[in-house]
Structure formats: structure tokens, C-alpha cells
$ cat protein.cif   # mmCIF, C-alpha atoms
data_coords
#
loop_
_atom_site.label_atom_id
_atom_site.label_comp_id
_atom_site.auth_asym_id
_atom_site.auth_seq_id
_atom_site.Cartn_x
_atom_site.Cartn_y
_atom_site.Cartn_z
CA MET A 1 -16.18 28.79 -10.49
CA ASN A 2 -13.41 31.30 -9.80
CA ILE A 3 -14.45 34.13 -7.55
CA ALA A 4 -12.44 37.34 -7.83
CA ILE A 5 -10.76 37.86 -4.48
CA GLU A 6 -11.59 41.41 -3.46
CA LYS A 7 -11.46 43.43 -0.29
CA GLN A 8 -14.51 45.27 1.04
CA ASP A 9 -13.57 48.38 -0.94
CA GLY A 10 -13.31 46.38 -4.17
CA SER A 11 -9.49 46.30 -4.44
CA PRO A 12 -7.86 42.87 -5.02
CA ASP A 13 -6.89 40.97 -1.82
CA ALA A 14 -3.65 39.06 -2.42
CA ASP A 15 -3.43 37.75 1.16
CA LEU A 16 -6.35 35.36 0.74
CA LYS A 17 -5.59 31.94 -0.64
CA CYS A 18 -8.18 29.38 -1.68
CA VAL A 19 -7.71 26.26 0.48
CA PHE A 20 -10.83 24.31 -0.46
CA GLU A 21 -12.44 24.34 -3.89
CA ARG A 22 -14.01 22.02 -6.43
CA PRO A 23 -11.39 19.47 -7.64
CA GLN A 24 -10.26 19.73 -11.26
CA ALA A 25 -11.45 16.20 -12.09
CA LEU A 26 -15.03 17.09 -11.07
CA SER A 27 -17.16 18.80 -13.74
CA ASP A 28 -19.20 21.93 -13.02
CA LYS A 29 -22.54 20.16 -13.50
CA PRO A 30 -24.71 20.17 -10.35
CA PHE A 31 -25.35 16.68 -8.90
CA HIS A 32 -28.80 15.13 -9.36
CA TYR A 33 -28.61 13.34 -5.98
CA CYS A 34 -31.12 13.95 -3.18
CA PRO A 35 -30.28 16.46 -0.42
CA GLY A 36 -27.84 15.01 2.13
CA CYS A 37 -26.80 12.00 0.01
CA SER A 38 -23.16 10.98 0.36
CA HIS A 39 -22.78 10.17 -3.35
CA GLY A 40 -21.73 13.79 -3.94
CA THR A 41 -19.14 13.63 -1.16
CA TYR A 42 -17.72 10.37 -2.51
CA HIS A 43 -17.59 11.80 -6.06
CA ARG A 44 -15.61 14.74 -4.71
CA LEU A 45 -13.19 12.46 -2.84
CA ILE A 46 -12.54 10.38 -5.97
CA ALA A 47 -11.95 13.56 -8.00
CA GLU A 48 -9.56 14.81 -5.29
CA MET A 49 -7.63 11.53 -5.47
CA ILE A 50 -7.42 11.71 -9.29
CA ASP A 51 -5.99 15.23 -8.95
CA GLU A 52 -3.63 14.19 -6.14
CA PHE A 53 -2.15 11.24 -8.06
CA GLY A 54 -2.08 13.27 -11.33
CA LEU A 55 -4.20 10.68 -13.15
CA LEU A 56 -6.63 13.03 -14.90
CA ASP A 57 -5.46 12.20 -18.43
CA LYS A 58 -5.18 8.44 -17.97
CA THR A 59 -8.20 7.50 -15.89
CA VAL A 60 -11.09 5.36 -17.13
CA GLY A 61 -14.09 5.16 -14.82
CA ILE A 62 -16.87 2.58 -15.04
CA CYS A 63 -20.34 3.76 -13.95
CA PRO A 64 -22.90 1.47 -12.35
CA VAL A 65 -26.65 1.22 -12.66
CA GLY A 66 -28.42 2.78 -9.70
CA CYS A 67 -28.42 6.26 -8.22
CA ALA A 68 -24.93 6.94 -9.63
CA VAL A 69 -25.97 5.96 -13.17
CA PHE A 70 -25.19 9.49 -14.39
CA ALA A 71 -21.75 9.57 -12.74
CA TYR A 72 -20.20 9.98 -16.20
CA GLU A 73 -21.64 13.52 -16.25
CA TYR A 74 -19.66 14.53 -13.18
CA PHE A 75 -16.07 13.44 -13.89
CA GLU A 76 -13.74 15.10 -16.39
CA THR A 77 -12.24 11.68 -17.22
CA ASP A 78 -13.22 8.99 -19.68
CA MET A 79 -16.22 7.04 -18.40
CA ILE A 80 -18.02 3.89 -19.55
CA GLU A 81 -21.57 2.94 -18.57
CA ALA A 82 -21.76 -0.77 -17.70
CA SER A 83 -24.78 -3.05 -17.50
CA HIS A 84 -26.26 -3.63 -14.06
CA GLY A 85 -23.57 -5.15 -11.84
CA ARG A 86 -21.09 -5.76 -14.66
CA ALA A 87 -18.74 -2.85 -13.93
CA PRO A 88 -15.87 -5.11 -12.66
CA ALA A 89 -16.12 -7.17 -15.87
CA VAL A 90 -15.97 -4.05 -18.06
CA ALA A 91 -13.10 -2.72 -15.94
CA THR A 92 -11.26 -6.01 -16.44
CA GLY A 93 -11.47 -5.59 -20.20
CA VAL A 94 -10.30 -1.97 -20.10
CA LYS A 95 -7.41 -2.70 -17.73
CA ARG A 96 -6.19 -5.73 -19.69
CA SER A 97 -6.24 -3.93 -23.05
CA LEU A 98 -4.84 -0.64 -21.64
CA PRO A 99 -2.65 -1.64 -18.66
CA ASP A 100 -1.17 1.85 -18.25
CA ARG A 101 -4.56 3.40 -17.44
CA PHE A 102 -5.99 3.89 -13.97
CA VAL A 103 -9.32 2.04 -14.00
CA PHE A 104 -11.92 2.46 -11.28
CA THR A 105 -15.51 1.31 -10.88
CA TYR A 106 -18.09 3.17 -8.86
CA GLN A 107 -20.83 0.88 -7.57
CA GLY A 108 -23.71 0.88 -5.14
CA ASP A 109 -24.85 -2.01 -2.97
CA GLY A 110 -27.75 -2.95 -5.25
CA ASP A 111 -25.27 -3.10 -8.12
CA LEU A 112 -22.25 -4.73 -6.49
CA ALA A 113 -23.79 -6.84 -3.70
CA ALA A 114 -26.96 -8.02 -5.47
CA ILE A 115 -26.90 -8.53 -9.23
CA GLY A 116 -23.16 -8.00 -9.60
CA MET A 117 -21.95 -10.27 -6.78
CA GLY A 118 -20.59 -12.86 -9.23
CA GLU A 119 -18.59 -10.24 -11.16
CA ILE A 120 -16.89 -8.73 -8.13
CA ILE A 121 -16.01 -12.13 -6.62
CA HIS A 122 -14.42 -13.36 -9.84
CA ALA A 123 -12.65 -10.04 -10.50
CA ALA A 124 -11.20 -10.41 -6.99
CA ALA A 125 -10.34 -14.09 -7.55
CA ARG A 126 -8.43 -13.19 -10.72
CA GLY A 127 -6.71 -10.39 -8.80
CA GLU A 128 -7.59 -7.79 -11.40
CA ARG A 129 -5.66 -4.55 -11.02
CA ILE A 130 -8.74 -2.35 -10.65
CA THR A 131 -10.01 -0.08 -7.89
CA VAL A 132 -13.61 -0.43 -6.73
CA PHE A 133 -15.38 2.44 -4.97
CA PHE A 134 -18.36 0.86 -3.25
CA VAL A 135 -21.26 2.85 -1.76
CA ASN A 136 -23.30 0.93 0.80
CA ASN A 137 -26.53 2.63 1.88
CA GLY A 138 -28.41 -0.57 2.69
CA ILE A 139 -31.28 0.07 0.29
CA PHE A 140 -32.18 0.36 -3.40
CA GLY A 141 -32.41 4.15 -3.47
CA MET A 142 -33.14 4.88 -7.13
CA THR A 143 -35.99 2.43 -7.67
CA GLY A 144 -38.03 3.45 -4.63
CA GLY A 145 -36.42 2.09 -1.48
CA GLN A 146 -36.64 -1.70 -1.87
CA MET A 147 -34.75 -4.13 0.37
CA ALA A 148 -31.13 -4.75 -0.67
CA PRO A 149 -28.80 -7.61 0.37
CA THR A 150 -27.15 -5.12 2.74
CA THR A 151 -30.38 -4.00 4.46
CA LEU A 152 -30.14 -4.32 8.25
CA ILE A 153 -32.22 -6.87 10.19
CA GLY A 154 -35.50 -5.20 11.18
CA GLN A 155 -35.08 -2.28 8.78
CA LYS A 156 -38.32 -1.20 7.13
CA THR A 157 -38.25 -0.79 3.35
CA THR A 158 -40.97 -0.81 0.69
CA THR A 159 -40.48 -4.58 0.21
CA SER A 160 -40.04 -5.39 3.92
CA VAL A 161 -42.78 -3.29 5.46
CA ASP A 162 -42.61 -5.05 8.84
CA GLY A 163 -38.82 -4.92 8.95
CA ARG A 164 -36.34 -7.36 7.38
CA ASP A 165 -37.00 -10.89 8.65
CA PRO A 166 -33.83 -13.06 8.64
CA ARG A 167 -35.93 -16.27 8.44
CA THR A 168 -37.22 -15.44 4.98
CA THR A 169 -34.69 -12.95 3.60
CA GLY A 170 -31.45 -13.89 5.33
CA GLN A 171 -28.75 -11.79 6.92
CA PRO A 172 -27.08 -8.66 5.47
CA ILE A 173 -24.06 -9.46 3.26
CA ARG A 174 -20.74 -7.99 4.42
CA VAL A 175 -18.94 -7.59 1.12
CA CYS A 176 -15.51 -6.77 2.57
CA GLU A 177 -15.51 -9.80 4.89
CA LEU A 178 -16.80 -11.98 2.05
CA LEU A 179 -13.93 -10.94 -0.24
CA SER A 180 -11.28 -11.07 2.49
CA SER A 181 -10.67 -14.81 2.00
CA ILE A 182 -9.61 -14.25 -1.64
CA GLU A 183 -5.87 -13.82 -2.13
CA GLY A 184 -6.15 -11.70 -5.28
CA VAL A 185 -7.46 -8.87 -3.16
CA ALA A 186 -4.83 -6.30 -2.16
CA TYR A 187 -6.86 -3.88 -0.12
CA LEU A 188 -10.29 -3.86 1.56
CA ALA A 189 -11.53 -1.13 3.89
CA ARG A 190 -14.83 0.19 5.17
CA VAL A 191 -15.58 3.67 6.52
CA PRO A 192 -18.78 5.63 7.29
CA LEU A 193 -18.94 9.08 5.63
CA THR A 194 -20.51 10.66 8.71
CA SER A 195 -18.07 13.32 9.89
CA PRO A 196 -15.09 15.36 8.65
CA LYS A 197 -12.83 12.97 10.58
CA ASN A 198 -14.28 9.91 8.82
CA ILE A 199 -14.02 11.69 5.45
CA ASN A 200 -10.31 12.16 6.14
CA THR A 201 -10.01 8.47 7.06
CA CYS A 202 -11.75 7.66 3.79
CA ARG A 203 -9.09 9.66 1.92
CA LYS A 204 -6.40 7.58 3.64
CA TYR A 205 -8.09 4.32 2.64
CA MET A 206 -8.68 5.51 -0.93
CA ARG A 207 -5.00 6.38 -1.36
CA LYS A 208 -4.08 2.79 -0.46
CA ALA A 209 -6.77 1.28 -2.69
CA ILE A 210 -5.47 3.36 -5.61
CA ARG A 211 -1.84 2.43 -4.82
CA ALA A 212 -2.88 -1.26 -4.84
CA GLN A 213 -3.60 -0.81 -8.55
CA LEU A 214 -0.76 1.57 -9.44
CA GLU A 215 1.84 -0.65 -7.69
CA ASP A 216 0.41 -3.78 -9.34
CA VAL A 217 -0.57 -5.60 -6.12
CA GLY A 218 -4.18 -6.52 -6.79
CA LEU A 219 -7.77 -5.41 -6.43
CA GLY A 220 -8.50 -2.51 -4.08
CA LEU A 221 -11.97 -1.83 -2.67
CA VAL A 222 -13.18 0.93 -0.37
CA GLU A 223 -16.70 0.55 1.01
CA VAL A 224 -18.35 3.70 2.38
CA LEU A 225 -21.41 3.56 4.61
CA SER A 226 -23.62 6.22 3.07
CA PRO A 227 -26.96 7.61 4.23
CA CYS A 228 -30.08 7.50 2.08
CA PRO A 229 -32.14 10.16 3.89
CA VAL A 230 -35.09 10.08 1.48
CA GLN A 231 -35.62 6.31 1.40
CA TRP A 232 -34.78 5.85 5.09
CA GLY A 233 -37.35 8.56 5.87
CA MET A 234 -34.94 10.62 7.97
CA LYS A 235 -33.46 14.11 7.94
CA PRO A 236 -29.89 14.16 6.56
CA GLY A 237 -28.39 14.84 10.00
CA ASP A 238 -30.47 12.09 11.66
CA ALA A 239 -29.44 9.64 8.92
CA LEU A 240 -25.77 10.26 9.79
CA HIS A 241 -26.53 9.60 13.49
CA HIS A 242 -28.33 6.40 12.47
CA ILE A 243 -25.18 5.19 10.69
CA ASP A 244 -22.99 5.97 13.70
CA GLU A 245 -25.40 4.25 16.11
CA SER A 246 -26.80 1.26 14.20
CA VAL A 247 -25.23 0.62 10.80
CA VAL A 248 -21.62 0.45 12.06
CA LYS A 249 -22.63 -2.42 14.40
CA ALA A 250 -23.61 -4.58 11.43
CA PHE A 251 -20.80 -3.23 9.22
CA PRO A 252 -17.75 -2.59 11.45
CA PRO A 253 -15.45 0.07 9.92
CA GLY A 254 -11.72 -0.39 9.46
CA GLU A 255 -9.12 -1.96 7.19
CA ILE A 256 -10.05 -5.60 6.58
CA VAL A 257 -7.24 -6.62 4.20
CA ASP A 258 -4.04 -4.64 3.61
CA ARG A 259 -1.37 -6.12 1.35
CA VAL A 260 -0.15 -2.72 0.15
CA SER A 261 3.23 -1.50 1.44
CA ALA A 262 3.04 1.23 4.06
CA THR A 263 5.03 3.75 2.01
CA ALA A 264 4.69 4.60 -1.68
CA LYS A 265 7.23 2.97 -3.99
CA MET B 1 -14.16 39.05 1.56
CA ASP B 2 -15.69 36.28 3.68
CA LEU B 3 -13.50 33.21 4.19
CA CYS B 4 -16.48 30.92 3.47
CA GLN B 5 -18.06 31.37 0.03
CA ILE B 6 -21.32 29.44 -0.37
CA HIS B 7 -22.67 28.87 -3.87
CA THR B 8 -26.33 29.18 -2.89
CA ASP B 9 -27.45 28.11 -6.38
CA ARG B 10 -25.95 24.63 -5.74
CA CYS B 11 -27.38 24.27 -2.20
CA LYS B 12 -30.10 21.66 -1.62
CA GLY B 13 -30.76 22.65 1.99
CA CYS B 14 -29.54 19.45 3.67
CA GLU B 15 -28.27 21.54 6.64
CA LEU B 16 -25.14 19.41 7.15
CA CYS B 17 -22.86 22.48 6.97
CA VAL B 18 -24.97 24.23 9.61
CA GLN B 19 -24.86 21.17 11.91
CA PHE B 20 -21.10 20.65 11.57
CA CYS B 21 -20.01 24.33 11.85
CA PRO B 22 -18.18 24.47 15.22
CA LYS B 23 -18.58 28.26 15.41
CA HIS B 24 -22.32 28.36 14.54
CA ALA B 25 -21.59 30.91 11.84
CA LEU B 26 -24.03 29.44 9.30
CA GLU B 27 -27.83 29.44 9.19
CA MET B 28 -30.48 28.32 6.75
CA SER B 29 -31.93 31.18 4.71
CA GLU B 30 -35.62 32.12 4.84
CA GLY B 31 -35.55 32.75 1.10
CA ARG B 32 -35.33 30.19 -1.69
CA ASN B 33 -32.82 29.60 -4.48
CA ALA B 34 -33.67 28.88 -8.12
CA ALA B 35 -34.23 25.16 -7.37
CA GLY B 36 -36.69 25.97 -4.57
CA TYR B 37 -34.50 25.00 -1.61
CA HIS B 38 -33.72 27.15 1.44
CA PRO B 39 -29.95 27.63 1.01
CA ALA B 40 -27.37 27.92 3.79
CA VAL B 41 -25.93 31.40 4.30
CA LEU B 42 -23.02 32.77 6.31
CA THR B 43 -24.85 34.94 8.84
CA HIS B 44 -21.89 35.55 11.19
CA PRO B 45 -18.82 36.11 8.99
CA ASP B 46 -16.91 37.44 12.02
CA LEU B 47 -17.13 34.00 13.72
CA CYS B 48 -15.85 32.08 10.66
CA ASN B 49 -12.20 31.07 10.89
CA GLY B 50 -12.04 29.14 7.61
CA CYS B 51 -11.79 25.66 9.19
CA ALA B 52 -13.49 24.14 6.10
CA LEU B 53 -15.58 21.59 8.04
CA CYS B 54 -18.73 22.89 6.29
CA ALA B 55 -17.09 22.49 2.88
CA GLU B 56 -15.90 19.00 3.87
CA MET B 57 -19.45 17.89 4.73
CA CYS B 58 -21.21 19.61 1.80
CA PRO B 59 -22.34 16.81 -0.56
CA GLU B 60 -22.71 19.30 -3.44
CA THR B 61 -19.15 20.73 -3.17
CA GLY B 62 -20.86 24.09 -3.06
CA ILE B 63 -18.56 25.82 -0.55
CA GLU B 64 -15.17 27.38 -1.19
CA ILE B 65 -12.85 28.28 1.68
CA TYR B 66 -10.24 31.02 1.67
CA ARG B 67 -7.56 31.58 4.29
CA ARG B 68 -5.17 34.40 4.98
CA GLN B 69 -1.58 33.32 4.35
CA LYS B 70 0.61 33.14 7.45
CA ARG B 71 3.15 35.79 6.44
CA ALA B 72 0.45 38.18 5.41
CA ARG B 73 -1.22 37.64 8.78
CA HIS B 74 1.96 38.63 10.66
CA GLU B 75 2.40 41.71 8.49
CA ALA B 76 -1.16 42.71 9.16
CA VAL B 77 -0.49 42.48 12.91
CA ASP B 78 2.72 44.54 12.57
CA GLN B 79 0.88 47.25 10.76
CA GLY B 80 -1.54 47.30 13.65
#

$ encode --input "protein.cif" --output "C-alpha cells"
Amino acid sequence: MNIAIEKQDGSPDADLKCVFERPQALSDKPFHYCPGCSHGTYHRLIAEMIDEFGLLDKTVGICPVGCAVFAYEYFETDMIEASHGRAPAVATGVKRSLPDRFVFTYQGDGDLAAIGMGEIIHAAARGERITVFFVNNGIFGMTGGQMAPTTLIGQKTTTSVDGRDPRTTGQPIRVCELLSSIEGVAYLARVPLTSPKNINTCRKYMRKAIRAQLEDVGLGLVEVLSPCPVQWGMKPGDALHHIDESVVKAFPPGEIVDRVSATAK
Amino acid sequence: MDLCQIHTDRCKGCELCVQFCPKHALEMSEGRNAAGYHPAVLTHPDLCNGCALCAEMCPETGIEIYRRQKRARHEAVDQG
């Protein structure tokens, strides 16, 4: 990935310094995600955090089932592929047998909020020292755009062709609010990945969620509101506007629970 | 060398970098890359100030940003 820094005439240019490049913890393999999907951005942010905390040689990641099922291809750390929704249970086992490792799970809303709801609630209730990176795009992206528990009221999907009807399919589940009553949780935050400013906010939240584990406080979870341009039937830019206009009303961003000290120990 | 280096082979043509560039220095190419997408290209390198907003928004991490170091910048001014 290194480009030789050269001036126009071909001589080396020592004045130029690289300020933004691919993080070390991210492999060179191109992502398989659809154009405009925030999975790639979130992968990069996690890799940046691993580099920043110097955790590259002692990180174990747990992959979900869903769009990010091949996430193990993209990180230069040890990765385990869990059954659908069972990433927090696998992470529990890894963290308890190897307490000095940094253990994170990467899960989508079909994985964490649907089939894996029991696992995340009980991992939180036990106060497991794991970090959960949660991607909420309000739809089952990989399997063809079916309705998820986080789908908005009135949103059209392939299994709710007239829009989601709360009388038959209920209301969208707000995972952060649901977990906020559990005392084993150290950190819960939600942020939309819709602008450079929000991406910076996401970095801030991720640092705290990682410190919740490293400082032995409890479970940390960061939920990002991600677009799914292909299954929403929108252009990538329009999908980001849709999040800023509609999705944030159902899923208000911000820090929901913060039991981590303000400064690093 | 341009401050913004786009790896056009990684680009999937989502246009987010073009939409978020405050200087409008980027455009989508008419040509295609190996994967069949129209990649983003830096059409106005003189407008680019290396703010890295395009790289921040790129879901493929396909953009590298270079900046001139501060001291070097002053020296360049002194030399006229």
C-alpha cells in the first residue's frame, strides 16, 4: 500500500507526510460489502482503535452471521466465527479462559437484536468484560432485505411490502435502551455514521467502550446507525440523509449508559 | 505529488467522497476500473488542501492523504 512520495520531477519529496492511511490492523483484502455500506467504515474504525490502544497482538474478535460474516478476512487479529447470534457467548468463553486478551464481537441487528437477543442480554446481566460493536441498519441485508426487529414503522421491506405494521409485527427494538436497565453494563452509546463529525464522535464512544473492558468495569456496546443503500433502494448519499432525517427519530443518538471514568487510568 | 491519493482499483463508485469534499476537487470518472465501477478521481488537485474528509467517508479505506509538514511549509515560503 505504500506509495513512493515523489515530486513532479521524480525526486523524493521529504516534506510530505502521510496523515491518513489504512490502519495496520486492517488487512489489504478489498471488502465484499455493497457500495456505500458503512460496514467498511466501522471495520476501519475498529482497526484504528486496535492500533491506537496497541492491542494488535492480544485481540480476539468474534464474527457474526450476516453481511459481516467474512469479517475475519479483514482484520490482522485472531478471529472466531460464531453461530448466528452466539457471538457474546463465544466471547464470554474466550474472555474467561484468556482474561488478558481484548475480546470484541462485531454484530449486525439481525444477529444481535433478533436471534441473538438472549445471548446479549445474559452477557450484559453477567457483566462480561467484552466489547460489542453493533451495526444497526434496520434490515436483514445479506438474505435479501427482510424485516428485522429494528425496522422502522412503515418501512417497506421484502417481508413487509406495505410497510411495517405495528399491530402485527410490533415496534422496533431499541437495544441500548433495553440493556440500560442492567447493572452489568458499563457503557452504551449510539451514533449514526453519516458524516465525518459523527465518525469522530463514534471514535470517542468506541474508546470508552474499549476502556470499559480494559479497566474491568463491564460490558461496553457501541451501536452505529448504518445505511443499507441496496436493500433500502436508495443511493448511498440519500441513504445517509434518510438516517439523519428519519432513523435518528426512532433511535436517538448519544451516550445512554456511562459508568467508565472520564480519564484513562 | 497530489495530497489525495485515490486507489481507484478499490473504489466502488458510491460517490460519498465527492459529496463530502468541501472544495469540490473530486469527480466520478467516465471510465471504469477492473471491477466495473466508475471510480472517483481527483480532477482539481490545486483545490485539494488535504482535509481528509473524503478519506474519512470512504467505506473502502481507498484514499490516502498526505500533508506538507509545518516547518517545511515555512521554509518553502522563505525560499519564495

$ atom_distance --input "protein.cif" --atom1 "atom CA of A:Thr157" --atom2 "atom CA of A:Ile139"
7.7 Å

$ residues_around --input "protein.cif" --residues "B:Ala52" --least-positions-apart "5" --cutoff "8 Å" --atoms "all atoms listed in the file" --output "list in words"
Phe20 of chain A; Cys4 and Ile65 of chain B

$ write_last_selection --input "protein.cif" --atoms "C-alpha atoms" --output "CSV table (one decimal), in the frame of the given file"
chain,number,residue,atom,x,y,z
A,20,PHE,CA,-10.8,24.3,-0.5
B,4,CYS,CA,-16.5,30.9,3.5
B,65,ILE,CA,-12.8,28.3,1.7

$ axis_aligned_box --input "protein.cif" --around "stretch 16-24 of chain A" --padding-each-side "5 Å" --output "lines of an AutoDock Vina configuration file"
center_x = -9.8
center_y = 27.4
center_z = -5.3
size_x = 18.4
size_y = 25.9
size_z = 22.0

$ interface_residues --input "protein.cif" --of "chain B" --to "chain A" --cutoff "12 Å" --atoms "all atoms listed in the file" --output "JSON list (two decimals) with C-alpha atoms, in the frame of the given file"
[["chain", "number", "residue", "atom", "x", "y", "z"],
["B", 1, "MET", "CA", -14.16, 39.05, 1.56],
["B", 2, "ASP", "CA", -15.69, 36.28, 3.68],
["B", 3, "LEU", "CA", -13.50, 33.21, 4.19],
["B", 4, "CYS", "CA", -16.48, 30.92, 3.47],
["B", 5, "GLN", "CA", -18.06, 31.37, 0.03],
["B", 6, "ILE", "CA", -21.32, 29.44, -0.37],
["B", 7, "HIS", "CA", -22.67, 28.87, -3.87],
["B", 8, "THR", "CA", -26.33, 29.18, -2.89],
["B", 9, "ASP", "CA", -27.45, 28.11, -6.38],
["B", 10, "ARG", "CA", -25.95, 24.63, -5.74],
["B", 11, "CYS", "CA", -27.38, 24.27, -2.20],
["B", 12, "LYS", "CA", -30.10, 21.66, -1.62],
["B", 13, "GLY", "CA", -30.76, 22.65, 1.99],
["B", 14, "CYS", "CA", -29.54, 19.45, 3.67],
["B", 15, "GLU", "CA", -28.27, 21.54, 6.64],
["B", 16, "LEU", "CA", -25.14, 19.41, 7.15],
["B", 17, "CYS", "CA", -22.86, 22.48, 6.97],
["B", 18, "VAL", "CA", -24.97, 24.23, 9.61],
["B", 19, "GLN", "CA", -24.86, 21.17, 11.91],
["B", 20, "PHE", "CA", -21.10, 20.65, 11.57],
["B", 21, "CYS", "CA", -20.01, 24.33, 11.85],
["B", 22, "PRO", "CA", -18.18, 24.47, 15.22],
["B", 35, "ALA", "CA", -34.23, 25.16, -7.37],
["B", 37, "TYR", "CA", -34.50, 25.00, -1.61],
["B", 38, "HIS", "CA", -33.72, 27.15, 1.44],
["B", 39, "PRO", "CA", -29.95, 27.63, 1.01],
["B", 50, "GLY", "CA", -12.04, 29.14, 7.61],
["B", 51, "CYS", "CA", -11.79, 25.66, 9.19],
["B", 52, "ALA", "CA", -13.49, 24.14, 6.10],
["B", 53, "LEU", "CA", -15.58, 21.59, 8.04],
["B", 54, "CYS", "CA", -18.73, 22.89, 6.29],
["B", 55, "ALA", "CA", -17.09, 22.49, 2.88],
["B", 56, "GLU", "CA", -15.90, 19.00, 3.87],
["B", 57, "MET", "CA", -19.45, 17.89, 4.73],
["B", 58, "CYS", "CA", -21.21, 19.61, 1.80],
["B", 59, "PRO", "CA", -22.34, 16.81, -0.56],
["B", 60, "GLU", "CA", -22.71, 19.30, -3.44],
["B", 61, "THR", "CA", -19.15, 20.73, -3.17],
["B", 62, "GLY", "CA", -20.86, 24.09, -3.06],
["B", 63, "ILE", "CA", -18.56, 25.82, -0.55],
["B", 64, "GLU", "CA", -15.17, 27.38, -1.19],
["B", 65, "ILE", "CA", -12.85, 28.28, 1.68],
["B", 66, "TYR", "CA", -10.24, 31.02, 1.67],
["B", 67, "ARG", "CA", -7.56, 31.58, 4.29],
["B", 68, "ARG", "CA", -5.17, 34.40, 4.98],
["B", 69, "GLN", "CA", -1.58, 33.32, 4.35],
["B", 70, "LYS", "CA", 0.61, 33.14, 7.45],
["B", 71, "ARG", "CA", 3.15, 35.79, 6.44],
["B", 72, "ALA", "CA", 0.45, 38.18, 5.41],
["B", 73, "ARG", "CA", -1.22, 37.64, 8.78],
["B", 74, "HIS", "CA", 1.96, 38.63, 10.66],
["B", 75, "GLU", "CA", 2.40, 41.71, 8.49],
["B", 76, "ALA", "CA", -1.16, 42.71, 9.16]]

$ residues_near_point --input "protein.cif" --point "(1.6, -7.5, -3.9)" --cutoff "12 Å" --atoms "all atoms listed in the file" --output "count of residues only"
24

$ atom_distance --input "protein.cif" --atom1 "atom CA of A:Asn136" --atom2 "atom CA of A:Glu223"
6.6 Å

$ resolve_selection --input "protein.cif" --expression "the PyMOL selection byres ((chain B and resi 42) around 9)" --output "list in words"
Asp2, Cys4, Gln5, Ile6, Ala25, Leu26, Glu27, Met28, Ala40, Val41, Thr43, His44, Pro45 and Cys48 of chain B

$ atom_distance --input "protein.cif" --atom1 "atom CA of A:Phe251" --atom2 "atom CA of A:Ser226"
11.6 Å

$ resolve_selection --input "protein.cif" --expression "the PyMOL selection byres ((chain A and resi 102-108) around 7)" --output "tab-separated table (two decimals) with C-alpha atoms, in the frame of the given file"
chain	number	residue	atom	x	y	z
A	58	LYS	CA	-5.18	8.44	-17.97
A	59	THR	CA	-8.20	7.50	-15.89
A	60	VAL	CA	-11.09	5.36	-17.13
A	61	GLY	CA	-14.09	5.16	-14.82
A	62	ILE	CA	-16.87	2.58	-15.04
A	63	CYS	CA	-20.34	3.76	-13.95
A	64	PRO	CA	-22.90	1.47	-12.35
A	66	GLY	CA	-28.42	2.78	-9.70
A	87	ALA	CA	-18.74	-2.85	-13.93
A	88	PRO	CA	-15.87	-5.11	-12.66
A	91	ALA	CA	-13.10	-2.72	-15.94
A	95	LYS	CA	-7.41	-2.70	-17.73
A	100	ASP	CA	-1.17	1.85	-18.25
A	101	ARG	CA	-4.56	3.40	-17.44
A	109	ASP	CA	-24.85	-2.01	-2.97
A	110	GLY	CA	-27.75	-2.95	-5.25
A	111	ASP	CA	-25.27	-3.10	-8.12
A	112	LEU	CA	-22.25	-4.73	-6.49
A	130	ILE	CA	-8.74	-2.35	-10.65
A	131	THR	CA	-10.01	-0.08	-7.89
A	132	VAL	CA	-13.61	-0.43	-6.73
A	133	PHE	CA	-15.38	2.44	-4.97
A	134	PHE	CA	-18.36	0.86	-3.25
A	135	VAL	CA	-21.26	2.85	-1.76
A	136	ASN	CA	-23.30	0.93	0.80

$ resolve_selection --input "protein.cif" --expression "the PyMOL selection byres ((chain A and resi 75) around 7)" --output "list in words"
Ala25, Leu26, Ser27, Ala71, Tyr72, Glu73, Tyr74, Glu76 and Thr77 of chain A

$ closest_residue --input "protein.cif" --among "A:Ala89, A:Ile46, A:Met142, A:Ile115" --to "A:Phe70" --atoms "only C-alpha atoms"
A:Met142

$ residues_around --input "protein.cif" --residues "A:Leu179" --least-positions-apart "4" --cutoff "9 Å" --atoms "all atoms listed in the file" --output "list in words"
Ile120, Ile121, Ala124, Ala125, Arg174, Val175, Glu183, Val185 and Leu188 of chain A

$ residues_around --input "protein.cif" --residues "A:Ser246" --least-positions-apart "6" --cutoff "12 Å" --atoms "only C-alpha atoms" --output "JSON, numbers by chain"
{"A": [138, 151, 152, 153, 154, 155, 192, 225, 227, 238, 239, 240, 252]}
